[in-house]
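Engineer: For reference, this is upload_12.cif, and it has mmCIF, C-alpha atoms.
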data_work
#
loop_
_atom_site.label_atom_id
_atom_site.label_comp_id
_atom_site.auth_asym_id
_atom_site.auth_seq_id
_atom_site.Cartn_x
_atom_site.Cartn_y
_atom_site.Cartn_z
CA MET A 107 110.63 84.33 122.83
CA ALA A 108 112.85 86.66 120.79
CA ASP A 109 115.27 88.96 122.57
CA ALA A 110 114.81 92.73 122.38
CA ALA A 111 117.15 94.95 120.36
CA THR A 112 116.89 98.67 121.06
CA ALA A 113 116.87 100.99 118.06
CA ARG A 114 118.84 104.24 118.36
CA LEU A 115 117.56 107.25 116.43
CA VAL A 116 120.40 108.50 114.23
CA THR A 117 118.60 111.40 112.59
CA THR A 118 115.21 112.59 111.39
CA LEU A 119 114.95 113.99 107.87
CA ALA A 120 111.99 116.24 107.14
CA ALA A 121 110.19 115.86 103.82
CA PRO A 122 111.03 118.83 101.58
CA LEU A 123 107.47 119.02 100.20
CA ASP A 124 104.32 119.61 102.22
CA ARG A 125 102.26 116.44 102.56
CA ALA A 126 99.25 118.11 104.18
CA ARG A 127 97.59 118.94 100.85
CA LYS A 128 98.21 115.43 99.45
CA THR A 129 100.14 116.82 96.48
CA ALA A 130 103.32 114.81 97.10
CA ASP A 131 104.40 111.24 97.76
CA ALA A 132 106.17 110.28 100.97
CA PRO A 133 109.97 110.81 100.78
CA ARG A 134 112.50 107.99 100.38
CA LEU A 135 116.26 107.57 100.64
CA LEU A 136 118.21 106.46 97.58
CA HIS A 137 121.62 105.04 98.46
CA TRP A 138 124.79 103.92 96.67
CA PRO A 139 128.31 102.90 97.75
CA ASP A 140 130.53 105.93 98.27
CA ALA A 141 134.13 106.48 99.39
CA ARG A 142 133.67 110.02 100.65
CA PRO A 143 134.64 110.69 104.29
CA GLY A 144 131.86 111.03 106.83
CA SER A 145 130.11 114.37 107.02
CA GLY A 146 129.79 114.39 110.77
CA ASN A 147 125.97 114.60 110.75
CA GLY A 148 125.42 111.13 112.20
CA LEU A 149 124.95 109.40 108.86
CA SER A 150 127.44 106.65 108.12
CA ALA A 151 130.37 107.14 105.79
CA GLY A 152 130.68 104.70 102.92
CA LEU A 153 127.29 105.49 101.40
CA ARG A 154 126.10 108.16 99.03
CA ARG A 155 122.53 109.09 99.91
CA LEU A 156 119.85 111.34 98.50
CA LEU A 157 116.54 112.17 100.08
CA VAL A 158 114.04 112.34 97.21
CA GLN A 159 110.37 113.22 97.04
CA ARG A 160 107.98 113.37 94.10
CA GLY A 161 105.41 116.15 93.97
CA ASP A 162 102.69 116.82 91.44
CA THR A 163 104.89 119.11 89.37
CA GLU A 164 108.46 118.42 90.50
CA LEU A 165 110.92 115.92 91.90
CA ILE A 166 113.15 117.17 94.73
CA ALA A 167 116.52 115.74 95.79
CA VAL A 168 118.36 116.75 98.97
CA ASP A 169 121.81 115.65 100.09
CA PRO A 170 121.25 114.70 103.76
CA GLY A 171 125.00 114.60 104.37
CA ASP A 172 125.41 118.32 103.67
CA PRO A 173 123.26 120.56 105.89
CA ASP A 174 124.15 123.59 103.76
CA ALA A 175 123.19 122.03 100.43
CA ALA A 176 120.15 123.52 98.73
CA PRO A 177 117.45 121.16 97.45
CA VAL A 178 117.74 120.30 93.76
CA ARG A 179 114.40 120.66 91.96
CA PHE A 180 113.61 118.85 88.73
CA PRO A 181 110.50 120.02 86.83
CA ALA A 182 108.40 116.91 86.16
CA PRO A 183 107.42 116.14 82.54
CA TRP A 184 104.07 114.62 83.62
CA PRO A 185 102.03 114.31 86.85
CA ARG A 186 103.20 111.92 89.57
CA GLY A 187 100.48 109.35 88.88
CA PHE A 188 102.05 108.51 85.52
CA GLY A 189 105.01 106.24 86.14
CA THR A 190 108.03 106.25 88.45
CA CYS A 191 111.20 108.31 88.86
CA THR A 192 114.75 108.27 90.19
CA VAL A 193 117.80 110.53 90.56
CA ALA A 194 121.48 110.02 89.68
CA PRO A 195 123.94 109.51 92.56
CA GLY A 196 125.48 112.91 91.89
CA GLY A 197 122.09 114.62 92.06
CA GLY A 198 122.45 116.29 88.66
CA LEU A 199 119.99 114.26 86.58
CA ALA A 200 116.52 112.82 87.12
CA VAL A 201 114.98 110.02 85.09
CA PHE A 202 111.21 109.66 84.76
CA ALA A 203 109.91 106.27 83.61
CA GLY A 204 106.55 107.23 82.18
CA VAL A 205 103.65 105.70 80.30
CA HIS A 206 105.17 106.22 76.84
CA ALA A 207 108.87 107.05 77.36
CA VAL A 208 111.86 107.12 79.67
CA ARG A 209 112.99 110.74 79.93
CA ALA A 210 116.08 112.29 81.54
CA VAL A 211 115.68 115.85 82.82
CA ASP A 212 118.19 118.26 84.34
CA PRO A 213 117.37 120.75 87.14
CA ALA A 214 116.62 123.46 84.59
CA GLY A 215 113.92 121.27 83.08
CA ALA A 216 115.84 120.61 79.87
CA VAL A 217 115.37 117.16 78.35
CA ARG A 218 118.81 115.55 78.17
CA TRP A 219 117.51 112.48 76.35
CA GLU A 220 114.40 110.37 75.84
CA VAL A 221 113.79 106.73 74.90
CA ALA A 222 110.29 106.06 73.53
CA HIS A 223 108.52 102.74 74.02
CA GLY A 224 105.12 101.10 73.70
CA CYS A 225 102.27 102.49 75.81
CA TRP A 226 101.83 100.95 79.26
CA GLU A 227 98.02 101.25 78.99
CA GLY A 228 97.11 97.68 78.03
CA SER A 229 94.46 98.42 75.43
CA CYS A 230 96.33 101.30 73.76
CA ARG A 231 98.17 100.66 70.49
CA THR A 232 99.28 104.24 69.90
CA LEU A 233 102.94 105.19 69.67
CA HIS A 234 102.73 108.38 71.75
CA THR A 235 105.20 111.21 71.41
CA THR A 236 103.88 113.44 74.23
CA TYR A 237 102.03 113.08 77.51
CA GLU A 238 99.40 115.54 76.30
CA GLU A 239 98.12 112.96 73.79
CA TYR A 240 96.58 110.87 76.58
CA ALA A 241 96.38 113.36 79.48
CA ALA A 242 92.58 113.51 79.30
CA ASP A 243 92.09 109.74 78.86
CA ARG A 244 91.13 108.25 82.22
CA ARG A 245 92.31 104.77 81.19
CA HIS A 246 95.91 105.99 81.01
CA LEU A 247 95.73 107.23 84.59
CA TYR A 248 95.50 103.57 85.61
CA ALA A 249 98.12 102.29 83.17
CA ASP A 250 100.65 99.66 84.12
CA SER A 251 104.20 100.88 84.62
CA GLY A 252 107.86 100.03 84.36
CA SER A 253 110.78 101.47 86.29
CA ALA A 254 114.29 102.83 85.90
CA VAL A 255 117.33 103.11 88.16
CA PHE A 256 120.93 104.30 87.98
CA SER A 257 123.80 101.85 88.37
CA ALA A 258 125.96 102.11 91.47
CA ASP A 259 128.48 104.35 89.69
CA GLY A 260 125.84 106.48 87.94
CA THR A 261 127.10 105.75 84.42
CA LEU A 262 124.22 103.51 83.34
CA VAL A 263 120.44 103.65 83.52
CA TRP A 264 118.64 100.32 83.64
CA ALA A 265 115.06 100.68 82.37
CA HIS A 266 112.20 98.19 82.20
CA ILE A 267 109.84 99.22 79.39
CA ARG A 268 106.76 98.02 77.51
CA GLY A 269 107.48 96.11 74.30
CA PRO A 270 109.68 97.01 71.34
CA VAL A 271 108.71 99.94 69.14
CA ALA A 272 108.68 99.59 65.35
CA ALA A 273 108.00 102.19 62.66
CA SER A 274 104.37 101.05 62.59
CA GLY A 275 103.98 101.39 66.36
CA PRO A 276 104.12 99.08 69.37
CA ASP A 277 103.52 95.37 68.88
CA PRO A 278 100.44 94.33 70.93
CA GLU A 279 101.89 90.82 71.34
CA ALA A 280 105.34 91.98 72.44
CA LEU A 281 106.70 91.20 75.88
CA ASP A 282 108.44 93.72 78.12
CA GLU A 283 112.04 94.71 77.48
CA TRP A 284 114.99 95.56 79.68
CA LEU A 285 117.35 98.28 78.49
CA VAL A 286 120.83 99.40 79.50
CA ILE A 287 121.16 103.10 78.64
CA ASP A 288 124.18 105.40 78.66
CA ALA A 289 123.24 107.89 81.38
CA ALA A 290 125.20 110.68 79.69
CA ASP A 291 123.54 110.72 76.28
CA GLY A 292 120.64 108.24 76.30
CA ARG A 293 122.14 105.74 73.85
CA VAL A 294 120.58 102.31 74.24
CA LEU A 295 123.63 100.12 74.77
CA GLY A 296 121.86 96.82 75.28
CA ARG A 297 118.37 95.37 75.28
CA ALA A 298 116.75 92.03 76.05
CA GLU A 299 113.25 90.62 76.47
CA THR A 300 112.28 89.80 80.05
CA GLY A 301 109.57 87.28 79.13
CA THR A 302 107.09 89.22 81.29
CA VAL A 303 103.89 91.23 80.93
CA ALA A 304 104.15 93.64 83.83
CA ALA A 305 101.66 95.52 85.92
CA GLY A 306 104.63 97.17 87.63
CA SER A 307 108.28 96.59 88.45
CA ASP A 308 111.12 97.50 90.80
CA HIS A 309 114.88 97.47 90.28
CA VAL A 310 117.25 96.30 93.03
CA PRO A 311 120.77 97.66 92.37
CA HIS A 312 123.85 95.51 92.81
CA PRO A 313 127.19 96.94 94.03
CA ASP A 314 128.65 95.97 90.65
CA PRO A 315 127.40 98.57 88.11
CA ALA A 316 127.32 95.83 85.46
CA ARG A 317 124.73 93.80 87.38
CA MET A 318 121.13 94.55 88.31
CA GLY A 319 118.12 92.82 89.83
CA LEU A 320 114.58 93.27 88.54
CA CYS A 321 111.33 92.20 90.20
CA VAL A 322 108.27 92.29 87.94
CA GLY A 323 104.73 92.25 89.30
CA GLU A 324 102.20 90.39 87.19
CA GLY A 325 99.35 90.44 89.70
CA GLN A 326 98.03 86.97 90.51
CA ASP A 327 100.19 85.49 87.74
CA GLY A 328 103.31 85.83 89.88
CA VAL A 329 106.39 87.96 90.46
CA PRO A 330 109.09 87.09 87.90
CA LEU A 331 112.60 87.74 89.19
CA ARG A 332 115.37 88.57 86.73
CA TRP A 333 119.10 89.24 87.04
CA GLY A 334 120.83 91.22 84.32
CA ARG A 335 124.50 91.40 83.46
CA TRP A 336 126.02 93.97 81.09
CA ASP A 337 129.45 92.94 79.77
CA GLY A 338 130.00 96.11 77.75
CA ALA A 339 128.64 94.57 74.57
CA LYS A 340 125.62 92.44 75.47
CA LEU A 341 122.88 92.38 78.09
CA SER A 342 122.23 88.85 79.33
CA VAL A 343 119.25 88.02 81.55
CA GLU A 344 118.81 85.11 83.96
CA GLN A 345 115.51 83.92 85.43
CA PHE A 346 115.45 82.79 89.08
CA CYS A 347 112.93 81.51 91.63
CA ASP A 348 110.05 80.27 89.40
CA ASP A 349 108.13 83.57 89.53
CA GLU A 350 107.14 83.03 93.17
CA ARG A 351 109.58 85.22 95.09
CA ILE A 352 109.87 88.98 95.41
CA LEU A 353 113.40 90.38 95.25
CA THR A 354 113.95 92.75 98.18
CA GLY A 355 117.68 93.33 98.62
CA VAL A 356 121.31 92.48 97.92
CA SER A 357 123.97 91.89 100.56
CA PRO A 358 126.73 94.53 100.87
CA SER A 359 129.26 92.15 99.28
CA GLY A 360 126.92 91.46 96.36
CA ASP A 361 127.29 87.69 96.87
CA ARG A 362 123.72 87.03 98.05
CA PHE A 363 120.23 88.36 97.59
CA LEU A 364 117.09 88.33 99.73
CA THR A 365 113.53 87.42 98.79
CA VAL A 366 110.09 87.05 100.33
CA THR A 367 107.59 84.62 98.83
CA HIS A 368 104.58 85.92 96.91
CA TYR A 369 102.24 85.17 99.81
CA GLU A 370 104.70 86.60 102.34
CA GLU A 371 105.15 83.51 104.50
CA THR A 372 108.88 82.83 103.88
CA LEU A 373 112.12 84.82 103.69
CA GLY A 374 114.95 83.39 101.61
CA VAL A 375 118.65 84.08 101.14
CA HIS A 376 119.99 83.09 97.72
CA ARG A 377 123.34 82.72 95.99
CA ILE A 378 123.71 85.53 93.48
CA ASP A 379 125.37 83.40 90.79
CA ASP A 380 122.61 80.84 90.30
CA GLY A 381 119.69 81.90 92.52
CA SER A 382 119.89 78.76 94.66
CA VAL A 383 118.37 78.99 98.14
CA LEU A 384 120.98 79.04 100.89
CA SER A 385 118.54 79.35 103.81
CA GLU A 386 114.90 80.15 104.56
CA LEU A 387 112.79 81.34 107.48
CA ASP A 388 109.02 80.90 107.78
CA THR A 389 106.94 83.05 110.12
CA GLU A 390 105.14 79.96 111.42
CA HIS A 391 106.33 78.93 114.89
CA VAL A 392 108.96 81.72 114.73
CA VAL A 393 107.11 85.05 114.88
CA PRO A 394 104.73 85.10 117.87
CA ARG A 395 101.12 86.16 117.47
CA HIS A 396 100.51 89.82 118.22
CA PRO A 397 100.28 90.45 121.99
CA GLU A 398 97.36 92.87 121.51
CA ALA A 399 95.26 90.44 119.45
CA ASP A 400 92.03 89.03 120.84
CA PRO A 401 92.82 85.60 122.33
CA ASP A 402 89.85 84.16 120.40
CA ASP A 403 91.03 85.57 117.04
CA ARG A 404 92.54 82.56 115.28
CA ASP A 405 93.64 84.71 112.33
CA ALA A 406 96.19 86.33 114.64
CA ASP A 407 98.09 83.04 114.72
CA GLU A 408 99.05 83.59 111.07
CA THR A 409 101.81 86.16 110.80
CA ILE A 410 103.31 87.28 107.49
CA TRP A 411 106.45 89.13 106.45
CA ASP A 412 106.24 92.56 104.86
CA TYR A 413 107.16 92.88 101.19
CA GLU A 414 110.02 95.21 102.17
CA CYS A 415 113.07 93.81 103.99
CA GLY A 416 116.83 93.97 103.49
CA PHE A 417 120.38 93.43 104.68
CA LEU A 418 121.64 95.61 107.52
CA ASP A 419 125.07 94.06 107.02
CA GLU A 420 126.45 90.89 105.47
CA GLU A 421 124.95 88.58 108.11
CA THR A 422 121.92 90.48 109.46
CA VAL A 423 118.53 91.09 107.86
CA ILE A 424 115.84 93.43 109.15
CA ALA A 425 112.28 92.39 108.31
CA GLY A 426 108.86 93.52 109.48
CA THR A 427 105.44 92.02 110.09
CA SER A 428 103.83 95.46 110.17
CA GLU A 429 101.24 94.82 107.44
CA ARG A 430 99.43 92.20 109.55
CA ASP A 431 100.40 93.75 112.92
CA GLY A 432 98.60 96.97 112.05
CA GLU A 433 95.29 95.14 112.42
CA TYR A 434 95.97 94.63 116.12
CA GLY A 435 98.16 97.48 117.35
CA GLU A 436 101.92 98.06 117.51
CA GLN A 437 103.78 97.30 114.27
CA ARG A 438 106.79 95.02 114.77
CA HIS A 439 110.23 94.67 113.18
CA TRP A 440 112.67 91.79 113.62
CA LEU A 441 116.39 91.07 113.30
CA VAL A 442 117.27 87.87 111.48
CA SER A 443 120.73 86.29 111.43
CA THR A 444 121.90 84.75 108.15
CA ALA A 445 125.22 83.52 109.58
CA GLY A 446 125.98 79.82 109.47
CA ALA A 447 123.77 77.16 107.97
CA GLY A 448 120.34 78.74 108.44
CA MET A 449 118.35 81.88 109.14
CA ARG A 450 117.43 82.60 112.76
CA LEU A 451 115.14 85.23 114.24
CA THR A 452 117.31 86.79 116.94
CA ALA A 453 115.47 89.83 118.27
CA GLN A 454 112.45 92.10 118.11
CA VAL A 455 113.41 95.73 117.52
CA THR A 456 112.11 98.13 120.14
CA TYR A 457 111.75 101.84 119.36
CA PRO A 458 111.63 104.93 121.60
CA PHE A 459 108.34 105.97 119.95
CA PRO A 460 105.76 104.22 117.75
CA ILE A 461 106.82 103.59 114.15
CA SER A 462 104.77 102.79 111.05
CA GLY A 463 105.30 100.61 108.01
CA ALA A 464 108.14 98.37 106.96
CA PRO A 465 111.85 99.06 107.57
CA THR A 466 114.12 99.95 104.63
CA ALA A 467 117.68 98.66 105.13
CA LEU A 468 120.60 100.83 103.99
CA GLY A 469 123.31 98.14 104.01
CA ASP A 470 125.64 99.76 106.53
CA GLY A 471 123.94 98.72 109.76
CA THR A 472 121.27 101.42 109.53
CA TRP A 473 117.71 101.49 108.27
CA TYR A 474 114.87 103.99 108.00
CA THR A 475 111.15 104.17 108.62
CA VAL A 476 108.65 106.69 107.25
CA SER A 477 106.52 108.63 109.70
CA GLU A 478 102.83 107.77 109.74
CA ALA A 479 102.00 111.14 108.15
CA GLY A 480 104.66 110.61 105.47
CA ASP A 481 106.29 113.93 106.34
CA ALA A 482 109.64 112.63 107.67
CA LEU A 483 112.12 109.77 107.58
CA HIS A 484 113.66 108.35 110.76
CA VAL A 485 117.10 106.76 110.35
CA TRP A 486 117.96 104.10 112.94
CA SER A 487 120.87 101.99 114.10
CA ARG A 488 121.23 99.23 116.68
#
So, in terms of structure tokens, how does the structure I just supplied come out?
Structural biologist:
Amino acid sequence: MADAATARLVTTLAAPLDRARKTADAPRLLHWPDARPGSGNGLSAGLRRLLVQRGDTELIAVDPGDPDAAPVRFPAPWPRGFGTCTVAPGGGLAVFAGVHAVRAVDPAGAVRWEVAHGCWEGSCRTLHTTYEEYAADRRHLYADSGSAVFSADGTLVWAHIRGPVAASGPDPEALDEWLVIDAADGRVLGRAETGTVAAGSDHVPHPDPARMGLCVGEGQDGVPLRWGRWDGAKLSVEQFCDDERILTGVSPSGDRFLTVTHYEETLGVHRIDDGSVLSELDTEHVVPRHPEADPDDRDADETIWDYECGFLDEETVIAGTSERDGEYGEQRHWLVSTAGAGMRLTAQVTYPFPISGAPTALGDGTWYTVSEAGDALHVWSR
């Protein structure tokens, strides 16, 4: 039986946009290394954080370390169902990875730069120049998507896009591309094929601005995992894990990364340089069946990890089984030690009130959960 580890509530951050009318996504915390001194609000020093939330018409960023800071509002170039978005560490620039382009927008709504690409709607062969060209086409509402993220120092934007664009339009046979973009002016500094045909993707930043992780979802075909390195002249891409593991986090040192298998049964810690598995932990015989499950329900014997998990510090991972637990009652989170030769489940996290969903690790010993209504974030520590 796992020990219990009590979670301490550090702070609760209210969502800046009203969720009651279902016109906004749940908020999230972006985080980067930062050398600024602590702000005294309970959040740890050593990290730069932004609370961000996407609404139908705008993206909002709030500095949670400055209680007097006003929210920064970025007018959105297209509705929130069309692609993904992110904000620079300094809070002065937003990047929207849309169906037809990656666009950088400042708080005044001015377009700083734009990089066009092939359309993410699989059957479309049009080289779009504006969102309005496909706004009324229902197929584009369900288009695939890429993603974009700022490097740790905010100088680069890494963007995963659909196929190369030629003068005659997008190539229907082209694979996805990965771009390194100058965040200041939008120049494409490097590009490389990923060898994927994505339904969606997520970037996992590395502490080194010249390195980046990319996890590409291809539905039942797998989850290709790529590591990119930008040497100032060329973008090189490595393929790890045989398309069967989802990249979820990088250790604070940047030496290791964390994965969960496609079918969520196994966590793995890997060496960053070659992707080799250093240790693994299956749920079987480790995570107990849910205490509220019917004793006759054999399905309750099969526990699975959530897709979201991460490093609390260099030797501790926080992972959840909330996706399956929700069928029976209380959703559970677990502490896993990565010290030594193997991974060990060391404790079940106990909370002062019910939580929902998976934990998101922040790399400094803290993590956050999203309220069930999606109207607040709770930041926790041990």
Engineer: Apply the PyMOL selection byres ((chain A and resi 133-138) around 6) to the file shown and report the selected residues as a list in words.
Structural biologist: Ala121, Ala132, Pro139, Leu153, Arg154, Arg155, Leu156, Leu157, Val158, Gln159 and Ala258 of chain A
Engineer: For the structure provided, state which residues fall under the PyMOL selection byres ((chain A and resi 375) around 10), and present them as a PDB file with C-alpha atoms, in the coordinates of the input.
Structural biologist:
ATOM      1  CA  GLY A 355     117.680  93.330  98.620  1.00  0.00           C
ATOM      2  CA  VAL A 356     121.310  92.480  97.920  1.00  0.00           C
ATOM      3  CA  SER A 357     123.970  91.890 100.560  1.00  0.00           C
ATOM      4  CA  ARG A 362     123.720  87.030  98.050  1.00  0.00           C
ATOM      5  CA  PHE A 363     120.230  88.360  97.590  1.00  0.00           C
ATOM      6  CA  LEU A 364     117.090  88.330  99.730  1.00  0.00           C
ATOM      7  CA  THR A 365     113.530  87.420  98.790  1.00  0.00           C
ATOM      8  CA  VAL A 366     110.090  87.050 100.330  1.00  0.00           C
ATOM      9  CA  LEU A 373     112.120  84.820 103.690  1.00  0.00           C
ATOM     10  CA  GLY A 374     114.950  83.390 101.610  1.00  0.00           C
ATOM     11  CA  HIS A 376     119.990  83.090  97.720  1.00  0.00           C
ATOM     12  CA  ARG A 377     123.340  82.720  95.990  1.00  0.00           C
ATOM     13  CA  ILE A 378     123.710  85.530  93.480  1.00  0.00           C
ATOM     14  CA  GLY A 381     119.690  81.900  92.520  1.00  0.00           C
ATOM     15  CA  SER A 382     119.890  78.760  94.660  1.00  0.00           C
ATOM     16  CA  VAL A 383     118.370  78.990  98.140  1.00  0.00           C
ATOM     17  CA  LEU A 384     120.980  79.040 100.890  1.00  0.00           C
ATOM     18  CA  SER A 385     118.540  79.350 103.810  1.00  0.00           C
ATOM     19  CA  GLU A 386     114.900  80.150 104.560  1.00  0.00           C
ATOM     20  CA  LEU A 387     112.790  81.340 107.480  1.00  0.00           C
ATOM     21  CA  VAL A 423     118.530  91.090 107.860  1.00  0.00           C
ATOM     22  CA  THR A 444     121.900  84.750 108.150  1.00  0.00           C
ATOM     23  CA  GLY A 448     120.340  78.740 108.440  1.00  0.00           C
ATOM     24  CA  MET A 449     118.350  81.880 109.140  1.00  0.00           C
TER      25      MET A 449
END
Engineer: Pick out the residues sitting within 7 Å of Thr163 in chain A, and hand them over as a PyMOL selection string; count all atoms listed in the file, and ignore anything fewer than 6 positions along from it in its own chain.
Structural biologist: chain A and resi 181-182+185
Engineer: Could you expand the PyMOL selection byres ((chain A and resi 470) around 12) into the explicit residues it covers here, written as a PyMOL selection string?
Structural biologist: chain A and resi 137-140+149-155+357-359+416-424+466-469+471-474+485-488
Engineer: Those selected residues, please, written with C-alpha atoms and delivered as an mmCIF file, in the coordinates of the input.
Structural biologist:
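Result file follows (part05.cif):
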data_model
loop_
_atom_site.group_PDB
_atom_site.id
_atom_site.type_symbol
_atom_site.label_atom_id
_atom_site.label_comp_id
_atom_site.auth_asym_id
_atom_site.auth_seq_id
_atom_site.Cartn_x
_atom_site.Cartn_y
_atom_site.Cartn_z
ATOM 1 C CA HIS A 137 121.620 105.040 98.460
ATOM 2 C CA TRP A 138 124.790 103.920 96.670
ATOM 3 C CA PRO A 139 128.310 102.900 97.750
ATOM 4 C CA ASP A 140 130.530 105.930 98.270
ATOM 5 C CA LEU A 149 124.950 109.400 108.860
ATOM 6 C CA SER A 150 127.440 106.650 108.120
ATOM 7 C CA ALA A 151 130.370 107.140 105.790
ATOM 8 C CA GLY A 152 130.680 104.700 102.920
ATOM 9 C CA LEU A 153 127.290 105.490 101.400
ATOM 10 C CA ARG A 154 126.100 108.160 99.030
ATOM 11 C CA ARG A 155 122.530 109.090 99.910
ATOM 12 C CA SER A 357 123.970 91.890 100.560
ATOM 13 C CA PRO A 358 126.730 94.530 100.870
ATOM 14 C CA SER A 359 129.260 92.150 99.280
ATOM 15 C CA GLY A 416 116.830 93.970 103.490
ATOM 16 C CA PHE A 417 120.380 93.430 104.680
ATOM 17 C CA LEU A 418 121.640 95.610 107.520
ATOM 18 C CA ASP A 419 125.070 94.060 107.020
ATOM 19 C CA GLU A 420 126.450 90.890 105.470
ATOM 20 C CA GLU A 421 124.950 88.580 108.110
ATOM 21 C CA THR A 422 121.920 90.480 109.460
ATOM 22 C CA VAL A 423 118.530 91.090 107.860
ATOM 23 C CA ILE A 424 115.840 93.430 109.150
ATOM 24 C CA THR A 466 114.120 99.950 104.630
ATOM 25 C CA ALA A 467 117.680 98.660 105.130
ATOM 26 C CA LEU A 468 120.600 100.830 103.990
ATOM 27 C CA GLY A 469 123.310 98.140 104.010
ATOM 28 C CA GLY A 471 123.940 98.720 109.760
ATOM 29 C CA THR A 472 121.270 101.420 109.530
ATOM 30 C CA TRP A 473 117.710 101.490 108.270
ATOM 31 C CA TYR A 474 114.870 103.990 108.000
ATOM 32 C CA VAL A 485 117.100 106.760 110.350
ATOM 33 C CA TRP A 486 117.960 104.100 112.940
ATOM 34 C CA SER A 487 120.870 101.990 114.100
ATOM 35 C CA ARG A 488 121.230 99.230 116.680
#
Engineer: Compute the distance from (120.8, 105.4, 87.8) to each atom, counting all atoms listed in the file, keep the residues with any atom at most 8 Å away, and return them as a PyMOL selection string; use the coordinates of the file.
Structural biologist: chain A and resi 192-195+201+254-264+289
Engineer: Which residues, written as a PyMOL selection string, have at least one atom at most 9 Å from His439 in chain A, with only C-alpha atoms counted and residues fewer than 6 positions away on the same chain left out?
Structural biologist: chain A and resi 424-428+453-456+464-465
Engineer: In Å, how far is it from CA of Ile461 in chain A to CA of Ala175 in chain A?
Structural biologist: 28.2 Å
